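Colleague: Starting off with a structure, shown below.
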Amino acid sequence: MTLAIRSAAPGEEGLVLGFIRKLAAYEKLLDEVAASEEDIRQALFAANPRCHCELAFWEGAPAGFALWFYNFSTFAGKAGIYLEDLYVEPDLRGKGIGKALLKHLAKRCVAEGLPRFQWSVLNWNAPSIAVYEAMGAKPVDAWTVYRLSGPELASLARG
Amino acid sequence: MITVRPAGPGDGPILHAMVGELALNHGHAQDFTARPDDYERFLADPHAINGALIAFWDEAPAGCAIWQRSYSTFRGRETLYLEDLSVLEPFRRRGVARELLSAVARLALSRGLGEVIWSMMSWNAGARRLYEAVGARIEEGNCLCRLSGDALERLGS
């Protein structure tokens, strides 16, 4: 019964993309996944990578992942961590692997002096929300998220 | 009358004042602990993950947009996240926010990014009208979670 967490290494982009696709399927958004292994390799392993990825292994087998990047709080004047993806294999849930991944990143925040650790959750995902609230995370109330893309983005850019 | 330019070294105090007003207007004055130097650091860093645009009404600073590089694993590419959009009180209702949004959209496209994302307080009806007028759509069902302060220290210990 051993859990190990370490950063993803070059060559593991296929494993990471597999987790991304499984997470998307769980969120019923698989048809939105357009990322390729090459995209993930660039994001994680290029010089000055934009993203970072922690992998969890249960008894040596890949069990889940946390993919994150640094952001910046203009109110705090400091960097923070934004957790983009968190996923644990269904047959390995309930063993504390998700919480261990969150704790791993919380430790990084504390070690690096980052005051804010944020992520998003779909509001129907009650099991995850229960875990997050149990550890003291607070929903940031009353925020509405907007997205602008495609023809609307191009139209606004034209003024 | 409205011009928009990228912020650069030396613009930290202006940006700091504008974001401070935004924090005050949103009832978050107590969370606004940033100092102008915190802004100068990213303005001076060519590899910073964030940056800013400043709008001027004639010669007067009127508003700003502070953005950061974000990433979508589903899309496999970067997106642009608009962290703050602030227009100073005397310059409101003159189209400054729309000019800033338009400049942000141009910035995204010039960086090859196909998407701009931002958040707003749900009660901000004026902002909502503008965002819907420019074609933004609301991401339904997303709840933002934050871990900070004692809870972060506890989990990270």
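FYI, nothing fancy with the structure tokens labels: chains A, B, ... in order, residues from 1 per chain, ligands from 1 as they appear.
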Could you pull the residues within 8 Å of Gln118 (chain A), counting only C-alpha atoms, minus those fewer than 4 positions along the same chain, as a tab-separated table (two decimals) with C-alpha atoms, in the first residue's frame?

Modeller:
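File produced: result.tsv:
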chain	number	residue	atom	x	y	z
A	80	GLY	CA	-0.07	31.65	-6.85
A	81	ILE	CA	-0.78	28.18	-8.18
A	82	TYR	CA	-3.73	27.40	-10.43
A	83	LEU	CA	-4.62	23.73	-10.59
B	144	LEU	CA	-13.94	28.56	-8.47
B	145	CYS	CA	-12.31	27.19	-5.31
B	146	ARG	CA	-9.62	28.95	-3.33
B	147	LEU	CA	-7.34	27.69	-0.60

Colleague: Return as an MDAnalysis selection string the residues belonging to chain B that are within 6 Å of chain A, counting only C-alpha atoms.

Modeller: chainID B and resid 32:34 38 74:76 102 105:106 114:122 135:139 141:148 151 155:156

Colleague: Quick one: pick out all helix (DSSP H, G or I) residues within chain B from a backbone DSSP run and write them as an MDAnalysis selection string.

Modeller: chainID B and resid 12:25 29:31 36:43 89:91 96:110 125:133 149:155

Colleague: CA of Glu59 (chain B) and CA of Leu107 (chain B) are how many Å apart?

Modeller: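 Rounded to one decimal, the two atoms are 22.3 Å apart.
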
Colleague: Write down as an NGL selection string the residues belonging to region 10-155 of chain B that are assigned strand (DSSP E or B) by DSSP computed on the backbone.

Modeller: :B and (50-57 or 60-72 or 77-87 or 115-121 or 137-138 or 142-148)

Colleague: Near Leu113 (chain B), within 9 Å and counting only C-alpha atoms, which residues show up once chain neighbours fewer than 2 positions away are dropped, as a PyMOL selection string?

Modeller: chain B and resi 77-80+107-111+115-116
